[in-house]
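Structure record follows, encoded as structure tokens.
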Amino acid sequence: MMTSMTTLVGIQGKDFVVFAADSQITDGDQRIISVETPKIISVGKFLLGITGDSRPGDILAYAWKPPLYRGEDPTVFMGSKVIPSISASFKECSYEVDNKEMNFGFLISFDAHIFSISGDLSFNGSERGLFGLGSGGNYALGYLYSLEPKFYNKLLTASVVAEKAVQIASILDINTSPPIQVIAQERIYK
């Protein structure tokens, strides 16, 4: 099974989100640097960041039919529409979610609302709007939490900070390597 242990960060601002990820894929003991296999992709109006085993990410990238977001409560929408649609895609592609063996995580954003999804398909938000996933996620998250919010409360500065967080993780985590991908999404519904 090809894995993509990685560093993925997300920053949620007032009306934007920024995702940043590295470009290393780990397959057993083989290290592959691939910008052609991005860990952050757009699926419809959703931004998706992928860590861990690559099969569930491939399903969401190529077979998932995301629900249409119309400005309703984002947490309710996640629980009632997004998670069931992900589960249905996994089932259609014969991918069984086994809570003991799952080694993946996602960041998902729609209309500049970020949620983290774990291998058991549970999800959560972040009170401070900071997310770090993957093998280098804690290093990156530590850097983000060391900063005052004023350093990432605008789209441009948040993009710089997110990239720096992944750069730091690439020094400390053997499964994280540049180049670093940075993608932003702005809010549509105000």
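Residues are named by chain letter and number: chains run A, B, ... in the order of the structure tokens, numbers start at 1 in each chain, and ligands are numbered from 1 in the order shown.
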Show me, as a list in words, the residues that have an atom within 8 Å of Pro67 of chain A when counting only C-alpha atoms, minus same-chain residues fewer than 4 positions from it. Lys81, Val82 and Ser85 of chain A
Just to be explicit: take each residue in the selection above, keep all heavy atoms, and write the result as a CSV table (one decimal), in the first residue's frame.
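Saved file selection-v2.csv follows:
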chain,number,residue,atom,x,y,z
A,81,LYS,N,-24.2,15.9,5.5
A,81,LYS,CA,-24.1,15.8,4.0
A,81,LYS,C,-22.7,15.3,3.6
A,81,LYS,O,-22.5,14.4,2.8
A,81,LYS,CB,-24.3,17.1,3.4
A,81,LYS,CG,-25.7,17.7,3.6
A,81,LYS,CD,-26.8,17.0,2.9
A,81,LYS,CE,-28.1,17.7,3.2
A,81,LYS,NZ,-29.2,16.9,2.8
A,82,VAL,N,-21.6,16.0,4.1
A,82,VAL,CA,-20.3,15.7,3.7
A,82,VAL,C,-19.8,14.3,4.1
A,82,VAL,O,-19.4,13.5,3.3
A,82,VAL,CB,-19.3,16.8,4.1
A,82,VAL,CG1,-17.8,16.4,3.7
A,82,VAL,CG2,-19.7,18.1,3.6
A,85,SER,N,-21.6,11.5,2.3
A,85,SER,CA,-21.2,11.4,0.9
A,85,SER,C,-19.8,10.8,0.8
A,85,SER,O,-19.5,10.0,-0.2
A,85,SER,CB,-21.2,12.8,0.2
A,85,SER,OG,-20.1,13.6,0.7
Identify, on the basis of only C-alpha atoms, every residue whose closest approach to Phe16 of chain A does not exceed 6 Å; exclude the query and any residue fewer than 4 positions from it along the same chain; express the result as a PDB file with all heavy atoms, in the first residue's frame.
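The file below, selection.pdb, is the result:
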ATOM      1  N   ALA A 112     -14.589  28.475   2.932  1.00  0.00           N
ATOM      2  CA  ALA A 112     -13.616  28.930   3.928  1.00  0.00           C
ATOM      3  C   ALA A 112     -13.937  28.457   5.346  1.00  0.00           C
ATOM      4  O   ALA A 112     -13.683  29.157   6.317  1.00  0.00           O
ATOM      5  CB  ALA A 112     -13.435  30.443   3.866  1.00  0.00           C
ATOM      6  N   GLN A 185      -8.462  29.526  -0.277  1.00  0.00           N
ATOM      7  CA  GLN A 185      -9.878  29.544  -0.660  1.00  0.00           C
ATOM      8  C   GLN A 185     -10.517  30.711   0.077  1.00  0.00           C
ATOM      9  O   GLN A 185     -10.256  30.906   1.263  1.00  0.00           O
ATOM     10  CB  GLN A 185     -10.546  28.231  -0.245  1.00  0.00           C
ATOM     11  CG  GLN A 185     -12.017  28.139  -0.588  1.00  0.00           C
ATOM     12  CD  GLN A 185     -12.642  26.877   0.001  1.00  0.00           C
ATOM     13  OE1 GLN A 185     -12.796  26.772   1.209  1.00  0.00           O
ATOM     14  NE2 GLN A 185     -12.985  25.938  -0.856  1.00  0.00           N
ATOM     15  N   GLU A 186     -11.347  31.480  -0.627  1.00  0.00           N
ATOM     16  CA  GLU A 186     -12.019  32.605   0.005  1.00  0.00           C
ATOM     17  C   GLU A 186     -13.508  32.314   0.170  1.00  0.00           C
ATOM     18  O   GLU A 186     -14.086  31.536  -0.581  1.00  0.00           O
ATOM     19  CB  GLU A 186     -11.799  33.879  -0.806  1.00  0.00           C
ATOM     20  CG  GLU A 186     -10.323  34.284  -0.828  1.00  0.00           C
ATOM     21  CD  GLU A 186     -10.068  35.601  -1.497  1.00  0.00           C
ATOM     22  OE1 GLU A 186     -10.393  36.635  -0.883  1.00  0.00           O
ATOM     23  OE2 GLU A 186      -9.566  35.578  -2.633  1.00  0.00           O
ATOM     24  N   ARG A 187     -14.116  32.967   1.165  1.00  0.00           N
ATOM     25  CA  ARG A 187     -15.526  32.749   1.485  1.00  0.00           C
ATOM     26  C   ARG A 187     -16.428  33.360   0.412  1.00  0.00           C
ATOM     27  O   ARG A 187     -16.162  34.446  -0.095  1.00  0.00           O
ATOM     28  CB  ARG A 187     -15.837  33.361   2.844  1.00  0.00           C
ATOM     29  CG  ARG A 187     -17.294  33.193   3.245  1.00  0.00           C
ATOM     30  CD  ARG A 187     -17.527  33.228   4.729  1.00  0.00           C
ATOM     31  NE  ARG A 187     -16.845  32.091   5.332  1.00  0.00           N
ATOM     32  CZ  ARG A 187     -16.255  32.127   6.520  1.00  0.00           C
ATOM     33  NH1 ARG A 187     -16.280  33.216   7.236  1.00  0.00           N
ATOM     34  NH2 ARG A 187     -15.663  31.065   7.001  1.00  0.00           N
TER      35      ARG A 187
END
Find the spatial neighbours of Ala169 of chain A, counting only C-alpha atoms, within a cut-off of 8 Å - ignore same-chain residues fewer than 5 positions away - and output them as a CSV table (one decimal) with N, CA, C and O atoms, in the first residue's frame.
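File written: selection_26.csv
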chain,number,residue,atom,x,y,z
A,7,THR,N,3.2,16.3,5.8
A,7,THR,CA,2.8,17.4,6.7
A,7,THR,C,1.8,18.3,5.9
A,7,THR,O,2.0,18.7,4.8
A,136,GLY,N,4.4,15.1,10.2
A,136,GLY,CA,5.1,16.3,10.6
A,136,GLY,C,4.1,17.4,11.1
A,136,GLY,O,4.5,18.5,11.4
A,137,GLY,N,2.8,17.0,11.3
A,137,GLY,CA,1.8,17.9,11.6
A,137,GLY,C,2.0,18.6,13.0
A,137,GLY,O,1.7,19.8,13.1
A,139,TYR,N,4.9,19.2,14.5
A,139,TYR,CA,5.9,20.2,14.4
A,139,TYR,C,5.4,21.5,13.8
A,139,TYR,O,5.6,22.6,14.3
A,140,ALA,N,4.6,21.4,12.7
A,140,ALA,CA,4.0,22.5,12.0
A,140,ALA,C,3.0,23.3,13.0
A,140,ALA,O,3.0,24.5,13.0
A,176,THR,N,8.7,14.3,5.4
A,176,THR,CA,8.3,15.6,4.8
A,176,THR,C,9.4,16.2,4.1
A,176,THR,O,10.5,16.4,4.6
Taking 5 positions as the minimum chain separation for residues in the same chain, which residues sit within 10 Å of Ser42 of chain A when counting only C-alpha atoms? Answer as a list in words.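 Counting only C-alpha atoms, the residues come to Leu47, Leu48, Gly49, Ala61, Ile108, Ser109, Ile183 and Gln185 of chain A.
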Selected residues, N, CA, C and O atoms, written as a short mmCIF file (atom, residue, chain, number, x, y, z; two decimals), in the first residue's frame, please.
data_model
loop_
_atom_site.label_atom_id
_atom_site.label_comp_id
_atom_site.auth_asym_id
_atom_site.auth_seq_id
_atom_site.Cartn_x
_atom_site.Cartn_y
_atom_site.Cartn_z
N LEU A 47 -11.98 22.23 -1.01
CA LEU A 47 -10.53 22.11 -0.98
C LEU A 47 -10.24 20.92 -0.08
O LEU A 47 -10.79 20.82 1.03
N LEU A 48 -9.41 20.01 -0.54
CA LEU A 48 -9.15 18.77 0.17
C LEU A 48 -7.65 18.57 0.34
O LEU A 48 -6.91 18.63 -0.64
N GLY A 49 -7.22 18.36 1.57
CA GLY A 49 -5.83 18.04 1.88
C GLY A 49 -5.77 16.61 2.37
O GLY A 49 -6.58 16.18 3.19
N ALA A 61 -10.48 12.19 -4.50
CA ALA A 61 -10.02 13.02 -5.62
C ALA A 61 -10.72 12.67 -6.93
O ALA A 61 -11.01 13.56 -7.74
N ILE A 108 -10.58 19.36 5.07
CA ILE A 108 -11.55 19.68 4.04
C ILE A 108 -12.07 21.09 4.30
O ILE A 108 -12.28 21.47 5.46
N SER A 109 -12.22 21.86 3.25
CA SER A 109 -12.72 23.22 3.38
C SER A 109 -13.78 23.47 2.32
O SER A 109 -13.63 23.07 1.17
N ILE A 183 -2.28 26.56 -1.10
CA ILE A 183 -3.53 26.84 -1.82
C ILE A 183 -4.46 27.60 -0.87
O ILE A 183 -4.58 27.24 0.30
N GLN A 185 -8.46 29.53 -0.28
CA GLN A 185 -9.88 29.54 -0.66
C GLN A 185 -10.52 30.71 0.08
O GLN A 185 -10.26 30.91 1.26
#
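Each of A:Gln12, A:Ala20, A:Asn124, A:Asp111 was checked against Ala165 of chain A using only C-alpha atoms; the smallest atom-to-atom distance is that of A:Ala20.
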For the alpha helix (DSSP H) assignment from backbone DSSP, which residues of segment 21-102 of chain A qualify? Please present them as a ChimeraX atom specification. /A:54-62,74-77,83-92
Keeping only N, CA, C and O atoms, write those residues as a JSON list (two decimals), in the first residue's frame.
[["chain", "number", "residue", "atom", "x", "y", "z"],
["A", 54, "SER", "N", -2.80, 6.46, 0.68],
["A", 54, "SER", "CA", -3.25, 7.22, -0.48],
["A", 54, "SER", "C", -4.59, 6.75, -1.05],
["A", 54, "SER", "O", -5.27, 7.53, -1.71],
["A", 55, "ARG", "N", -5.01, 5.51, -0.84],
["A", 55, "ARG", "CA", -6.24, 5.01, -1.46],
["A", 55, "ARG", "C", -7.47, 5.85, -1.09],
["A", 55, "ARG", "O", -8.23, 6.24, -1.97],
["A", 56, "PRO", "N", -7.72, 6.16, 0.19],
["A", 56, "PRO", "CA", -8.91, 6.98, 0.48],
["A", 56, "PRO", "C", -8.84, 8.36, -0.16],
["A", 56, "PRO", "O", -9.85, 8.89, -0.62],
["A", 57, "GLY", "N", -7.64, 8.95, -0.23],
["A", 57, "GLY", "CA", -7.49, 10.23, -0.90],
["A", 57, "GLY", "C", -7.76, 10.14, -2.39],
["A", 57, "GLY", "O", -8.38, 11.04, -2.98],
["A", 58, "ASP", "N", -7.31, 9.04, -3.01],
["A", 58, "ASP", "CA", -7.58, 8.84, -4.44],
["A", 58, "ASP", "C", -9.08, 8.73, -4.70],
["A", 58, "ASP", "O", -9.59, 9.26, -5.69],
["A", 59, "ILE", "N", -9.78, 8.06, -3.81],
["A", 59, "ILE", "CA", -11.24, 7.92, -3.97],
["A", 59, "ILE", "C", -11.89, 9.30, -3.93],
["A", 59, "ILE", "O", -12.73, 9.62, -4.78],
["A", 60, "LEU", "N", -11.50, 10.11, -2.95],
["A", 60, "LEU", "CA", -12.11, 11.44, -2.86],
["A", 60, "LEU", "C", -11.71, 12.32, -4.04],
["A", 60, "LEU", "O", -12.52, 13.10, -4.54],
["A", 61, "ALA", "N", -10.48, 12.19, -4.50],
["A", 61, "ALA", "CA", -10.02, 13.02, -5.62],
["A", 61, "ALA", "C", -10.72, 12.67, -6.93],
["A", 61, "ALA", "O", -11.01, 13.56, -7.74],
["A", 62, "TYR", "N", -11.01, 11.37, -7.14],
["A", 62, "TYR", "CA", -11.48, 10.95, -8.47],
["A", 62, "TYR", "C", -12.89, 10.37, -8.51],
["A", 62, "TYR", "O", -13.46, 10.26, -9.59],
["A", 74, "PRO", "N", -22.20, 25.21, 8.86],
["A", 74, "PRO", "CA", -21.15, 24.34, 8.33],
["A", 74, "PRO", "C", -20.96, 23.03, 9.10],
["A", 74, "PRO", "O", -20.70, 21.99, 8.49],
["A", 75, "THR", "N", -21.12, 23.06, 10.42],
["A", 75, "THR", "CA", -20.95, 21.83, 11.20],
["A", 75, "THR", "C", -22.07, 20.84, 10.91],
["A", 75, "THR", "O", -21.82, 19.64, 10.72],
["A", 76, "VAL", "N", -23.29, 21.32, 10.84],
["A", 76, "VAL", "CA", -24.43, 20.46, 10.51],
["A", 76, "VAL", "C", -24.25, 19.91, 9.09],
["A", 76, "VAL", "O", -24.49, 18.72, 8.83],
["A", 77, "PHE", "N", -23.81, 20.74, 8.17],
["A", 77, "PHE", "CA", -23.57, 20.31, 6.80],
["A", 77, "PHE", "C", -22.52, 19.21, 6.75],
["A", 77, "PHE", "O", -22.68, 18.22, 6.03],
["A", 83, "ILE", "N", -19.89, 14.00, 5.38],
["A", 83, "ILE", "CA", -19.41, 12.70, 5.87],
["A", 83, "ILE", "C", -20.20, 11.55, 5.23],
["A", 83, "ILE", "O", -19.59, 10.60, 4.75],
["A", 84, "PRO", "N", -21.54, 11.61, 5.16],
["A", 84, "PRO", "CA", -22.25, 10.54, 4.46],
["A", 84, "PRO", "C", -21.85, 10.40, 2.98],
["A", 84, "PRO", "O", -21.78, 9.29, 2.46],
["A", 85, "SER", "N", -21.55, 11.52, 2.31],
["A", 85, "SER", "CA", -21.15, 11.42, 0.90],
["A", 85, "SER", "C", -19.77, 10.79, 0.76],
["A", 85, "SER", "O", -19.52, 10.04, -0.18],
["A", 86, "ILE", "N", -18.87, 11.05, 1.70],
["A", 86, "ILE", "CA", -17.55, 10.42, 1.70],
["A", 86, "ILE", "C", -17.70, 8.93, 1.96],
["A", 86, "ILE", "O", -17.11, 8.10, 1.26],
["A", 87, "SER", "N", -18.49, 8.58, 2.94],
["A", 87, "SER", "CA", -18.74, 7.17, 3.26],
["A", 87, "SER", "C", -19.33, 6.43, 2.06],
["A", 87, "SER", "O", -18.92, 5.30, 1.76],
["A", 88, "ALA", "N", -20.27, 7.07, 1.37],
["A", 88, "ALA", "CA", -20.88, 6.45, 0.18],
["A", 88, "ALA", "C", -19.85, 6.24, -0.91],
["A", 88, "ALA", "O", -19.84, 5.19, -1.58],
["A", 89, "SER", "N", -18.94, 7.20, -1.10],
["A", 89, "SER", "CA", -17.88, 7.04, -2.12],
["A", 89, "SER", "C", -16.96, 5.89, -1.78],
["A", 89, "SER", "O", -16.56, 5.12, -2.65],
["A", 90, "PHE", "N", -16.59, 5.78, -0.50],
["A", 90, "PHE", "CA", -15.75, 4.66, -0.08],
["A", 90, "PHE", "C", -16.45, 3.33, -0.37],
["A", 90, "PHE", "O", -15.84, 2.39, -0.89],
["A", 91, "LYS", "N", -17.72, 3.26, -0.04],
["A", 91, "LYS", "CA", -18.48, 2.02, -0.26],
["A", 91, "LYS", "C", -18.57, 1.68, -1.75],
["A", 91, "LYS", "O", -18.37, 0.53, -2.15],
["A", 92, "GLU", "N", -18.86, 2.67, -2.59],
["A", 92, "GLU", "CA", -18.95, 2.46, -4.04],
["A", 92, "GLU", "C", -17.62, 1.96, -4.62],
["A", 92, "GLU", "O", -17.61, 1.23, -5.61]]
Find the spatial neighbours of Ile11 of chain A, counting only C-alpha atoms, within a cut-off of 6 Å - ignore same-chain residues fewer than 6 positions away - and output them as JSON, numbers by chain. {"A": [17, 18, 129, 130]}
Saved selection, atoms kept: N, CA and C atoms, as a PDB file, in the first residue's frame:
ATOM      1  N   VAL A  17      -9.309  30.526   3.877  1.00  0.00           N
ATOM      2  CA  VAL A  17      -8.510  29.444   4.446  1.00  0.00           C
ATOM      3  C   VAL A  17      -7.260  29.286   3.585  1.00  0.00           C
ATOM      4  N   VAL A  18      -6.220  28.773   4.209  1.00  0.00           N
ATOM      5  CA  VAL A  18      -4.985  28.453   3.513  1.00  0.00           C
ATOM      6  C   VAL A  18      -4.592  27.041   3.912  1.00  0.00           C
ATOM      7  N   GLY A 129      -8.595  27.960  14.716  1.00  0.00           N
ATOM      8  CA  GLY A 129      -8.504  27.939  13.266  1.00  0.00           C
ATOM      9  C   GLY A 129      -7.193  27.407  12.737  1.00  0.00           C
ATOM     10  N   LEU A 130      -6.481  26.624  13.535  1.00  0.00           N
ATOM     11  CA  LEU A 130      -5.189  26.070  13.144  1.00  0.00           C
ATOM     12  C   LEU A 130      -5.266  24.558  13.127  1.00  0.00           C
TER      13      LEU A 130
END
Have a look at A:Ile168, A:Gly119, A:Arg128, A:Pro38 and name the one nearest to Tyr143 of chain A; count only C-alpha atoms.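 Of A:Ile168, A:Gly119, A:Arg128, A:Pro38, the one nearest Tyr143 of chain A, counting only C-alpha atoms, is A:Ile168.
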Which residue is closest to Val166 of chain A? Choose from A:Gly142, A:Gly105, A:Pro149, A:Gly125 and count only C-alpha atoms. A:Gly142
Atom CA of Asp22 of chain A sits from atom CA of Glu127 of chain A at a separation of 24.6 Å
Which residue is closest to Gly52 of chain A? Choose from A:Glu72, A:Met78, A:Ser135, A:Gln24 and count only C-alpha atoms.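 Of A:Glu72, A:Met78, A:Ser135, A:Gln24, the one nearest Gly52 of chain A is A:Ser135, counting only C-alpha atoms.
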